[in-house]
Each structure stands twice: as structure tokens, then as C-alpha cells.
$ cat target29.pdb   # PDB, C-alpha atoms and all ligand atoms
ATOM      1  CA  MET A   1      72.413 125.618  74.621
ATOM      2  CA  ASN A   2      70.991 128.674  76.305
ATOM      3  CA  GLU A   3      67.580 128.708  77.978
ATOM      4  CA  ASP A   4      66.085 131.108  75.481
ATOM      5  CA  ALA A   5      66.858 128.694  72.683
ATOM      6  CA  GLU A   6      65.202 125.784  74.470
ATOM      7  CA  ILE A   7      62.008 127.755  75.004
ATOM      8  CA  ARG A   8      61.910 128.855  71.385
ATOM      9  CA  ASP A   9      62.551 125.327  70.110
ATOM     10  CA  SER A  10      59.000 124.398  71.020
ATOM     11  CA  GLU A  11      57.538 127.306  69.062
ATOM     12  CA  ASP A  12      56.849 127.372  65.343
ATOM     13  CA  LYS A  13      57.678 131.027  64.844
ATOM     14  CA  ILE A  14      59.675 133.698  66.613
ATOM     15  CA  PRO A  15      57.083 136.093  68.051
ATOM     16  CA  ILE A  16      56.695 139.584  66.613
ATOM     17  CA  LYS A  17      57.094 142.274  69.284
ATOM     18  CA  ASP A  18      56.351 145.495  67.407
ATOM     19  CA  PHE A  19      53.371 145.355  65.038
ATOM     20  CA  GLY A  20      53.864 148.935  63.833
ATOM     21  CA  ALA A  21      57.351 147.956  62.622
ATOM     22  CA  ARG A  22      55.883 144.804  61.097
ATOM     23  CA  GLU A  23      53.479 146.920  59.050
ATOM     24  CA  LYS A  24      56.355 149.109  57.839
ATOM     25  CA  PHE A  25      58.463 146.023  57.040
ATOM     26  CA  ARG A  26      55.633 144.573  54.953
ATOM     27  CA  ASN A  27      54.920 147.869  53.199
ATOM     28  CA  LEU A  28      58.564 148.470  52.269
ATOM     29  CA  SER A  29      58.763 144.931  50.961
ATOM     30  CA  LEU A  30      55.603 145.336  48.848
ATOM     31  CA  SER A  31      56.609 148.755  47.500
ATOM     32  CA  SER A  32      59.933 147.269  46.380
ATOM     33  CA  GLY A  33      58.212 144.408  44.568
ATOM     34  CA  TYR A  34      58.795 141.613  47.107
ATOM     35  CA  ASN A  35      56.204 139.379  48.711
ATOM     36  CA  PRO A  36      56.496 139.956  52.480
ATOM     37  CA  ASP A  37      55.227 136.411  53.088
ATOM     38  CA  ASP A  38      58.074 134.904  51.068
ATOM     39  CA  ARG A  39      60.324 132.509  52.988
ATOM     40  CA  TRP A  40      63.329 134.762  52.234
ATOM     41  CA  ILE A  41      61.535 137.909  53.464
ATOM     42  CA  GLY A  42      58.978 137.408  56.261
ATOM     43  CA  GLY A  43      60.111 133.828  56.896
ATOM     44  CA  TYR A  44      63.858 134.450  56.914
ATOM     45  CA  VAL A  45      64.300 134.932  60.680
ATOM     46  CA  ASP A  46      62.384 131.724  61.431
ATOM     47  CA  TYR A  47      64.545 129.924  58.865
ATOM     48  CA  GLU A  48      67.802 131.137  60.405
ATOM     49  CA  TRP A  49      66.518 130.368  63.882
ATOM     50  CA  GLY A  50      66.518 126.749  62.696
ATOM     51  CA  LYS A  51      69.996 127.069  61.160
ATOM     52  CA  VAL A  52      72.538 129.683  62.218
ATOM     53  CA  ARG A  53      71.232 129.682  65.803
ATOM     54  CA  HIS A  54      72.650 126.161  66.276
ATOM     55  CA  ILE A  55      76.069 127.281  65.076
ATOM     56  CA  LEU A  56      76.051 130.219  67.471
ATOM     57  CA  ASP A  57      74.775 128.088  70.349
ATOM     58  CA  LEU A  58      77.585 125.597  69.882
ATOM     59  CA  LEU A  59      80.427 127.978  69.080
ATOM     60  CA  VAL A  60      79.797 131.222  70.924
ATOM     61  CA  LYS A  61      79.677 130.180  74.559
ATOM     62  CA  GLU A  62      80.506 133.618  75.992
ATOM     63  CA  LYS A  63      77.553 135.935  76.615
ATOM     64  CA  HIS A  64      77.051 139.445  75.205
ATOM     65  CA  GLN A  65      79.605 139.247  72.421
ATOM     66  CA  THR A  66      80.159 142.018  69.879
ATOM     67  CA  ILE A  67      79.419 140.450  66.531
ATOM     68  CA  LEU A  68      79.732 141.630  62.926
ATOM     69  CA  GLU A  69      77.185 140.232  60.522
ATOM     70  CA  PHE A  70      78.906 140.850  57.222
ATOM     71  CA  GLY A  71      76.370 141.051  54.367
ATOM     72  CA  CYS A  72      73.273 141.136  56.555
ATOM     73  CA  ASN A  73      70.685 141.239  53.762
ATOM     74  CA  ILE A  74      67.344 141.923  55.512
ATOM     75  CA  GLY A  75      68.847 141.077  58.899
ATOM     76  CA  ALA A  76      67.754 137.486  59.513
ATOM     77  CA  THR A  77      71.028 136.270  61.018
ATOM     78  CA  ALA A  78      71.504 139.614  62.765
ATOM     79  CA  VAL A  79      68.102 139.267  64.481
ATOM     80  CA  VAL A  80      68.787 135.655  65.526
ATOM     81  CA  THR A  81      72.201 136.687  66.901
ATOM     82  CA  ALA A  82      70.610 139.528  68.864
ATOM     83  CA  LEU A  83      67.840 137.236  70.173
ATOM     84  CA  LEU A  84      70.647 135.134  71.680
ATOM     85  CA  GLY A  85      71.741 138.213  73.634
ATOM     86  CA  HIS A  86      74.678 139.475  71.556
ATOM     87  CA  SER A  87      75.256 142.964  70.115
ATOM     88  CA  VAL A  88      75.331 143.046  66.342
ATOM     89  CA  GLU A  89      76.753 145.455  63.804
ATOM     90  CA  ALA A  90      75.052 144.444  60.557
ATOM     91  CA  VAL A  91      76.475 145.741  57.263
ATOM     92  CA  ASP A  92      75.217 145.484  53.709
ATOM     93  CA  ILE A  93      75.903 147.226  50.394
ATOM     94  CA  ASP A  94      72.238 147.411  49.411
ATOM     95  CA  LYS A  95      70.061 150.240  50.766
ATOM     96  CA  PHE A  96      66.796 148.296  50.579
ATOM     97  CA  ASN A  97      68.378 145.434  52.550
ATOM     98  CA  ALA A  98      69.850 147.743  55.186
ATOM     99  CA  ASP A  99      66.463 149.495  55.604
ATOM    100  CA  MET A 100      64.628 146.166  55.818
ATOM    101  CA  ALA A 101      67.168 144.888  58.365
ATOM    102  CA  LYS A 102      66.430 147.899  60.610
ATOM    103  CA  LEU A 103      62.685 147.224  60.460
ATOM    104  CA  ASN A 104      63.249 143.504  60.972
ATOM    105  CA  ALA A 105      65.230 144.183  64.153
ATOM    106  CA  LEU A 106      62.464 146.507  65.324
ATOM    107  CA  GLN A 107      59.646 144.055  64.645
ATOM    108  CA  TYR A 108      61.420 141.311  66.625
ATOM    109  CA  GLY A 109      62.158 143.701  69.485
ATOM    110  CA  VAL A 110      65.969 143.637  69.236
ATOM    111  CA  ALA A 111      66.674 147.046  67.669
ATOM    112  CA  ASP A 112      68.619 148.029  70.806
ATOM    113  CA  ARG A 113      71.154 145.288  69.987
ATOM    114  CA  VAL A 114      71.325 145.591  66.172
ATOM    115  CA  ASN A 115      72.927 148.519  64.346
ATOM    116  CA  CYS A 116      72.487 148.397  60.579
ATOM    117  CA  HIS A 117      74.955 150.124  58.267
ATOM    118  CA  LEU A 118      74.889 150.747  54.549
ATOM    119  CA  VAL A 119      78.453 150.242  53.279
ATOM    120  CA  LYS A 120      80.311 150.121  49.972
ATOM    121  CA  ASP A 121      81.631 146.898  48.462
ATOM    122  CA  GLY A 122      85.332 146.483  49.196
ATOM    123  CA  GLU A 123      85.634 149.668  51.275
ATOM    124  CA  ARG A 124      87.068 149.944  54.768
ATOM    125  CA  LEU A 125      84.384 149.580  57.455
ATOM    126  CA  ASP A 126      84.189 152.223  60.131
ATOM    127  CA  PHE A 127      85.297 150.100  63.123
ATOM    128  CA  ASN A 128      88.629 149.914  64.943
ATOM    129  CA  ASP A 129      91.074 147.050  64.466
ATOM    130  CA  GLY A 130      90.036 143.982  66.477
ATOM    131  CA  TYR A 131      86.636 145.487  67.346
ATOM    132  CA  PHE A 132      84.707 142.225  66.981
ATOM    133  CA  ASP A 133      84.693 139.063  69.086
ATOM    134  CA  VAL A 134      82.965 137.166  66.305
ATOM    135  CA  ILE A 135      82.327 137.730  62.583
ATOM    136  CA  ILE A 136      79.623 135.838  60.718
ATOM    137  CA  CYS A 137      79.555 135.473  56.938
ATOM    138  CA  ASN A 138      76.350 133.600  56.220
ATOM    139  CA  SER A 139      75.795 133.087  52.503
ATOM    140  CA  VAL A 140      77.644 136.248  51.528
ATOM    141  CA  LEU A 141      81.197 135.724  50.268
ATOM    142  CA  GLU A 142      79.906 134.433  46.916
ATOM    143  CA  TYR A 143      78.170 137.807  46.408
ATOM    144  CA  VAL A 144      81.316 139.858  46.913
ATOM    145  CA  GLU A 145      82.702 141.193  43.628
ATOM    146  CA  TYR A 146      85.513 138.899  42.477
ATOM    147  CA  ASP A 147      88.030 141.763  42.285
ATOM    148  CA  ASN A 148      87.169 142.970  45.807
ATOM    149  CA  PHE A 149      87.472 139.564  47.417
ATOM    150  CA  SER A 150      91.048 139.840  48.735
ATOM    151  CA  THR A 151      90.402 143.339  50.100
ATOM    152  CA  VAL A 152      87.276 142.110  51.876
ATOM    153  CA  MET A 153      89.103 139.163  53.450
ATOM    154  CA  LYS A 154      91.876 141.487  54.696
ATOM    155  CA  GLU A 155      89.259 143.821  56.130
ATOM    156  CA  LEU A 156      87.503 141.007  58.012
ATOM    157  CA  ASP A 157      90.886 139.932  59.396
ATOM    158  CA  ARG A 158      91.577 143.514  60.524
ATOM    159  CA  LEU A 159      88.223 143.777  62.287
ATOM    160  CA  LEU A 160      88.401 140.487  64.184
ATOM    161  CA  LYS A 161      90.175 140.553  67.543
ATOM    162  CA  PRO A 162      93.087 138.146  68.136
ATOM    163  CA  GLY A 163      91.529 134.905  69.377
ATOM    164  CA  GLY A 164      88.213 135.869  67.735
ATOM    165  CA  LEU A 165      85.949 133.560  65.815
ATOM    166  CA  LEU A 166      85.143 133.743  62.099
ATOM    167  CA  ILE A 167      82.077 131.731  61.091
ATOM    168  CA  ILE A 168      81.653 131.116  57.382
ATOM    169  CA  THR A 169      78.514 129.205  56.479
ATOM    170  CA  GLY A 170      75.937 128.648  53.736
ATOM    171  CA  THR A 171      78.412 129.726  51.060
ATOM    172  CA  SER A 172      77.952 128.594  47.462
ATOM    173  CA  ASN A 173      80.930 126.405  46.575
ATOM    174  CA  ARG A 174      82.692 126.943  43.277
ATOM    175  CA  LEU A 175      83.940 123.349  43.353
ATOM    176  CA  SER A 176      80.373 122.052  43.048
ATOM    177  CA  PRO A 177      79.118 121.040  39.573
ATOM    178  CA  LYS A 178      75.718 122.532  40.462
ATOM    179  CA  GLU A 179      75.573 126.098  41.802
ATOM    180  CA  VAL A 180      73.410 125.917  44.950
ATOM    181  CA  HIS A 181      71.523 129.203  44.823
ATOM    182  CA  ARG A 182      70.221 129.084  41.258
ATOM    183  CA  GLY A 183      70.629 125.365  40.635
ATOM    184  CA  ARG A 184      72.591 125.817  37.399
ATOM    185  CA  TRP A 185      74.882 123.030  36.306
ATOM    186  CA  PHE A 186      78.566 123.754  35.485
ATOM    187  CA  ILE A 187      78.252 127.561  35.810
ATOM    188  CA  ASN A 188      80.879 127.272  38.578
ATOM    189  CA  TYR A 189      83.448 125.970  36.118
ATOM    190  CA  LEU A 190      83.098 128.761  33.556
ATOM    191  CA  PRO A 191      85.302 131.858  33.435
ATOM    192  CA  THR A 192      83.462 134.972  34.676
ATOM    193  CA  ASN A 193      83.198 136.768  31.335
ATOM    194  CA  LEU A 194      81.858 133.729  29.487
ATOM    195  CA  GLY A 195      79.265 133.118  32.224
ATOM    196  CA  LYS A 196      78.106 136.744  32.006
ATOM    197  CA  ILE A 197      77.686 136.466  28.222
ATOM    198  CA  ILE A 198      75.649 133.239  28.500
ATOM    199  CA  TRP A 199      73.393 134.158  31.448
ATOM    200  CA  GLY A 200      73.580 137.943  31.482
ATOM    201  CA  LYS A 201      75.344 140.037  34.146
ATOM    202  CA  GLY A 202      72.367 140.280  36.508
ATOM    203  CA  ARG A 203      71.503 136.577  36.362
ATOM    204  CA  TYR A 204      75.042 135.282  36.510
ATOM    205  CA  GLN A 205      75.915 133.781  39.848
ATOM    206  CA  ARG A 206      78.834 131.591  40.690
ATOM    207  CA  GLY A 207      80.165 130.100  43.923
ATOM    208  CA  VAL A 208      83.365 131.060  45.674
ATOM    209  CA  ASN A 209      86.378 128.782  45.811
ATOM    210  CA  PRO A 210      86.764 127.602  49.444
ATOM    211  CA  PHE A 211      90.519 127.279  48.960
ATOM    212  CA  ARG A 212      90.670 130.964  48.050
ATOM    213  CA  VAL A 213      89.053 131.691  51.417
ATOM    214  CA  MET A 214      91.420 129.353  53.243
ATOM    215  CA  HIS A 215      94.430 130.828  51.467
ATOM    216  CA  ALA A 216      93.420 134.348  52.518
ATOM    217  CA  LEU A 217      93.092 133.123  56.121
ATOM    218  CA  LYS A 218      95.922 130.614  56.195
ATOM    219  CA  HIS A 219      97.144 131.823  59.572
ATOM    220  CA  TYR A 220      93.764 130.950  61.173
ATOM    221  CA  VAL A 221      93.074 127.689  63.015
ATOM    222  CA  ASN A 222      90.442 125.520  61.348
ATOM    223  CA  LEU A 223      88.282 124.451  64.300
ATOM    224  CA  ASP A 224      86.532 121.789  62.216
ATOM    225  CA  LEU A 225      89.850 119.996  61.767
ATOM    226  CA  GLN A 226      91.047 120.640  65.288
ATOM    227  CA  ASP A 227      88.283 118.556  66.862
ATOM    228  CA  ASN A 228      88.185 116.104  63.936
ATOM    229  CA  GLY A 229      84.715 117.227  62.829
ATOM    230  CA  LYS A 230      82.929 116.782  66.182
ATOM    231  CA  LEU A 231      81.461 120.274  66.156
ATOM    232  CA  TYR A 232      80.730 120.129  62.424
ATOM    233  CA  PHE A 233      78.710 116.922  62.761
ATOM    234  CA  GLU A 234      76.859 118.174  65.827
ATOM    235  CA  ILE A 235      75.777 121.234  63.810
ATOM    236  CA  LYS A 236      74.637 119.002  60.928
ATOM    237  CA  LYS A 237      72.680 116.840  63.372
ATOM    238  CA  ARG A 238      70.895 119.901  64.732
ATOM    239  CA  PHE A 239      70.155 121.012  61.152
ATOM    240  CA  GLY A 240      68.315 117.688  60.823
ATOM    241  CA  LEU A 241      70.544 116.171  58.124
ATOM    242  CA  SER A 242      69.487 112.682  56.987
ATOM    243  CA  ALA A 243      71.398 109.573  58.130
ATOM    244  CA  LYS A 244      72.444 108.915  54.521
ATOM    245  CA  ALA A 245      73.909 112.411  54.072
ATOM    246  CA  MET A 246      75.691 112.118  57.427
ATOM    247  CA  ALA A 247      77.215 108.792  56.378
ATOM    248  CA  ILE A 248      78.529 110.320  53.121
ATOM    249  CA  LEU A 249      80.000 113.280  54.995
ATOM    250  CA  LYS A 250      81.672 110.960  57.510
ATOM    251  CA  LEU A 251      83.253 109.024  54.667
ATOM    252  CA  LEU A 252      84.519 112.273  53.117
ATOM    253  CA  LYS A 253      85.880 113.258  56.499
ATOM    254  CA  LYS A 254      87.890 110.025  56.737
ATOM    255  CA  ILE A 255      89.467 110.710  53.350
ATOM    256  CA  PHE A 256      90.054 114.467  53.525
ATOM    257  CA  HIS A 257      90.801 115.323  57.155
ATOM    258  CA  PRO A 258      94.191 113.546  57.042
ATOM    259  CA  LEU A 259      94.981 115.806  54.058
ATOM    260  CA  GLY A 260      94.187 118.908  56.114
ATOM    261  CA  ILE A 261      90.889 119.660  54.316
ATOM    262  CA  SER A 262      87.822 119.867  56.546
ATOM    263  CA  VAL A 263      84.730 118.161  55.162
ATOM    264  CA  GLY A 264      82.636 121.341  55.358
ATOM    265  CA  LEU A 265      84.778 122.874  52.595
ATOM    266  CA  LEU A 266      83.691 120.219  50.126
ATOM    267  CA  THR A 267      79.910 120.439  50.208
ATOM    268  CA  PRO A 268      77.903 122.435  47.576
ATOM    269  CA  SER A 269      77.093 124.982  50.281
ATOM    270  CA  PHE A 270      80.304 125.196  52.270
ATOM    271  CA  SER A 271      81.150 126.115  55.822
ATOM    272  CA  VAL A 272      84.192 126.515  58.004
ATOM    273  CA  ASN A 273      84.722 127.740  61.556
ATOM    274  CA  LEU A 274      88.004 129.537  62.100
ATOM    275  CA  ARG A 275      89.863 130.956  65.098
ATOM    276  CA  LYS A 276      92.204 133.916  64.618
ATOM    277  CA  PRO A 277      95.526 133.324  66.376
ATOM    278  CA  GLN A 278      96.206 135.327  69.559
TER     279      GLN A 278
HETATM  280  C1  LIG B   1      72.218 135.955  50.738
HETATM  281  S1  LIG B   1      72.434 137.521  51.357
HETATM  282  C2  LIG B   1      73.090 137.250  52.986
HETATM  283  C3  LIG B   1      72.114 136.712  53.999
HETATM  284  C4  LIG B   1      72.405 137.147  55.419
HETATM  285  N1  LIG B   1      73.791 137.030  55.749
HETATM  286  C5  LIG B   1      71.612 136.356  56.430
HETATM  287  O1  LIG B   1      72.140 135.405  56.998
HETATM  288  O2  LIG B   1      70.447 136.681  56.631
HETATM  289  C6  LIG B   1      73.855 138.228  50.610
HETATM  290  C7  LIG B   1      74.018 139.697  50.960
HETATM  291  O3  LIG B   1      75.380 140.074  50.820
HETATM  292  C8  LIG B   1      75.394 141.453  50.486
HETATM  293  N2  LIG B   1      76.735 141.800  50.018
HETATM  294  C9  LIG B   1      77.343 141.480  48.857
HETATM  295  N3  LIG B   1      78.591 141.991  48.817
HETATM  296  C10 LIG B   1      78.796 142.626  49.982
HETATM  297  C11 LIG B   1      79.885 143.361  50.543
HETATM  298  N4  LIG B   1      81.036 143.538  49.889
HETATM  299  N5  LIG B   1      79.747 143.906  51.770
HETATM  300  C12 LIG B   1      78.602 143.743  52.452
HETATM  301  N6  LIG B   1      77.521 143.065  51.970
HETATM  302  C13 LIG B   1      77.620 142.514  50.757
HETATM  303  C14 LIG B   1      74.268 141.547  49.476
HETATM  304  O4  LIG B   1      73.809 142.863  49.291
HETATM  305  C15 LIG B   1      73.220 140.636  50.085
HETATM  306  O5  LIG B   1      72.305 141.325  50.880
END
$ encode --input "target29.pdb" --output "C-alpha cells"
Amino acid sequence: MNEDAEIRDSEDKIPIKDFGAREKFRNLSLSSGYNPDDRWIGGYVDYEWGKVRHILDLLVKEKHQTILEFGCNIGATAVVTALLGHSVEAVDIDKFNADMAKLNALQYGVADRVNCHLVKDGERLDFNDGYFDVIICNSVLEYVEYDNFSTVMKELDRLLKPGGLLIITGTSNRLSPKEVHRGRWFINYLPTNLGKIIWGKGRYQRGVNPFRVMHALKHYVNLDLQDNGKLYFEIKKRFGLSAKAMAILKLLKKIFHPLGISVGLLTPSFSVNLRKPQ
């Protein structure tokens, strides 16, 4: 773990560095109908400091990496990644999110290491092949339009350098009977069109099938299998998972790892850490 992380562990909140940017962040949030004090707005960076930071600490040992945060939302993971000293290109398809991400990076004093881009769903991103050392997809693949999914996976593969790391985490799992984000039972098992009729297009949300992800990236090495779950369980420990949940996951690991399925692919919010071959 880096020194910065150890210092921040003892603090409740990541300190704000630019109060002018904070004011603008709050105002943009309010004018768009969002409560700036909401956990998923003003509290999002602190939340991800307690989550994705541990993954980065454990997996990205090299300093000053060039990292793509795919689907950055208001920039929480991007800010945490930049606070750890990396350079981040943060992309999102939503203008409000991209604007908020810029202000978020400013208010936490990392705007020099975070570039925010507004992009179009399924379109080629304006970076050279193999530009990134690491790509992070934190709670995003389930939001990609179903028909664009394969194109997006190919694009991420194009952008990652050989030997680079692809971190997929916090992703709603279509195998789960209960969809994690909205808490709806069995929505994951319904065909898209039927789900849209029942819940309405805007309110319809379904997970992504982890095996679809793994199929798209079948040439990648699954690091969670390679070390027999050591890294995966260390991350869960740092997330503060209960002893009971850990015991269940360890049992699942015993059953599924010999079948070539890492335990992180089976949880309602799934994760997998992948290495692109050289
Ligand atoms: C839950 S948020 C992601 C949270 C963010 N990764 C973080 O850790 O703070 C999902 C985001 O994915 C974005 N998104 C959906 N499809 C996308 C696509 N094809 N390309 C880029 N962003 C996309 C949405 O606009 C939304 O902001």
C-alpha cells in the first residue's frame, strides 16, 4: 500500500482542495435536480476511496500509470485513481456526468491528472491502440446498450496495451435473481423487450452476463484464478466483508475454481481482474 493511502486511512473524508470548484460542483448538481450531499454525488469519492482504492493499491504496483476510467459518471473512481498518483482519461456518454467529473477533479485538486471526455456509446475513442496501462470498468458494463456491448469490449481490448490490466468491478450480475442496483427480483431473467414493457424503458435495468464478458475477453488471463483467489479475498477483506460472507465465498471458490470460473463472477455484483497477453 502506498504512503498516501495509509495517511488517508485515518481520515473520515478526502479533503477538498478548491472551494470555488466545490461551489460550482454543488450548484451544477442542484440545478440539475440532484442533492449535492447525496452519497452518490458529494459522497461518491469518499465511498470509492473505501472501495476501488484497495483494488488499485493491490493490483497496480507501478507508479504513474496511464489509466482509462471507462464510464466515469461524476468522476469518483477517476479522482481516487488520480489521488494515488496515476494519470486518468475519464470518459462518459452523459454531458452532466462529464461536467461534474471535471469539477470533482478540480475540487479534490487532481485536475492536472484527470482529463474528462464526453463520448458516444459504442463509438471509437480517440486514443491510439495500446494507449493505456490499465482500464477500469467500475459499475459500468451493465449500463452499456446491449447491442453495443461487443463493440465496446473490442474497443477496450484495442485501447489496452499488451500486458495491461483490465479491472472489472461492481458490475450488476445478470445471473443474480435480484438485480443489485434497483433491488428488483427476477428482472435479470426477463427478455429485454418484456422488461421494458413491465417497468418502462427509463426504469428498466438489468445486469450483464459475466460469461458474455469472459467470452469477449477469452484470450485474457484471469488473475483471480491464477493465484487461486488470494488477491480476490484480500480485496474483500479490505472492503470489510463479514466472516460469514467470506466463508460462503470460500466455499464457492472450492467448487468453481476447479471448473475455471473465478468466484468473483458469481456474486450479485461481480468482479474480475484480467491481464491482456503480451
Ligand atoms: C454507475 S456509473 C459508473 C460509476 C463510475 N465508474 C465510478 O466508479 O465512479 C455508470 C456510468 O456509465 C456511463 N456509461 C454508460 N454507457 C457508457 C458507454 N458506452 N461509454 C461510456 N460511459 C458509459 C453512464 O453514463 C454512467 O455515468
$ residues_near_point --input "target29.pdb" --point "(89.4, 120.1, 59.4)" --cutoff "9 Å" --atoms "all atoms listed in the file" --output "list in words"
Asn222, Leu223, Asp224, Leu225, Gln226, Asp227, Asn228, Gly229, Lys253, Phe256, His257, Pro258, Leu259, Gly260, Ile261, Ser262, Val263, Gly264, Leu265 and Val272 of chain A
$ residues_near_ligand --input "target29.pdb" --ligand "ligand LIG 1 (chain B)" --cutoff "6 Å" --atoms "all atoms listed in the file" --output "PDB file with C-alpha atoms, in the coordinates of the input"
ATOM      1  CA  PHE A  70      78.906 140.850  57.222  1.00  0.00           C
ATOM      2  CA  GLY A  71      76.370 141.051  54.367  1.00  0.00           C
ATOM      3  CA  CYS A  72      73.273 141.136  56.555  1.00  0.00           C
ATOM      4  CA  ASN A  73      70.685 141.239  53.762  1.00  0.00           C
ATOM      5  CA  GLY A  75      68.847 141.077  58.899  1.00  0.00           C
ATOM      6  CA  ALA A  76      67.754 137.486  59.513  1.00  0.00           C
ATOM      7  CA  THR A  77      71.028 136.270  61.018  1.00  0.00           C
ATOM      8  CA  VAL A  91      76.475 145.741  57.263  1.00  0.00           C
ATOM      9  CA  ASP A  92      75.217 145.484  53.709  1.00  0.00           C
ATOM     10  CA  ILE A  93      75.903 147.226  50.394  1.00  0.00           C
ATOM     11  CA  ASP A  94      72.238 147.411  49.411  1.00  0.00           C
ATOM     12  CA  ASN A  97      68.378 145.434  52.550  1.00  0.00           C
ATOM     13  CA  ASP A 121      81.631 146.898  48.462  1.00  0.00           C
ATOM     14  CA  GLY A 122      85.332 146.483  49.196  1.00  0.00           C
ATOM     15  CA  ASN A 138      76.350 133.600  56.220  1.00  0.00           C
ATOM     16  CA  SER A 139      75.795 133.087  52.503  1.00  0.00           C
ATOM     17  CA  VAL A 140      77.644 136.248  51.528  1.00  0.00           C
ATOM     18  CA  TYR A 143      78.170 137.807  46.408  1.00  0.00           C
ATOM     19  CA  VAL A 144      81.316 139.858  46.913  1.00  0.00           C
TER      20      VAL A 144
END
$ resolve_selection --input "target29.pdb" --expression "the PyMOL selection byres (((chain A and resi 154) around 12) and not hetatm)" --output "number ranges by chain"
A: 122-125, 129, 148-153, 155-160, 213, 215-218
$ atom_distance --input "target29.pdb" --atom1 "CA of Tyr204 (chain A)" --atom2 "CA of Phe186 (chain A)"
12.1 Å
$ closest_residue --input "target29.pdb" --among "A:Leu84, A:Ile67, A:Ile74, A:Leu141" --to "Phe127 (chain A)" --atoms "all atoms listed in the file"
A:Ile67
$ residues_around --input "target29.pdb" --residues "Lys178 (chain A)" --least-positions-apart "2" --cutoff "8 Å" --atoms "all atoms listed in the file" --output "list in words"
Ser176, Val180, Gly183, Arg184, Trp185, Phe186, Ile187, Asn188 and Pro268 of chain A
$ atom_distance --input "target29.pdb" --atom1 "CA of Pro191 (chain A)" --atom2 "CA of Arg206 (chain A)"
9.7 Å
$ residues_around --input "target29.pdb" --residues "Leu59 (chain A)" --least-positions-apart "6" --cutoff "10 Å" --atoms "only C-alpha atoms" --output "ChimeraX atom specification"
/A:53,134,165,167,223,231,235,273
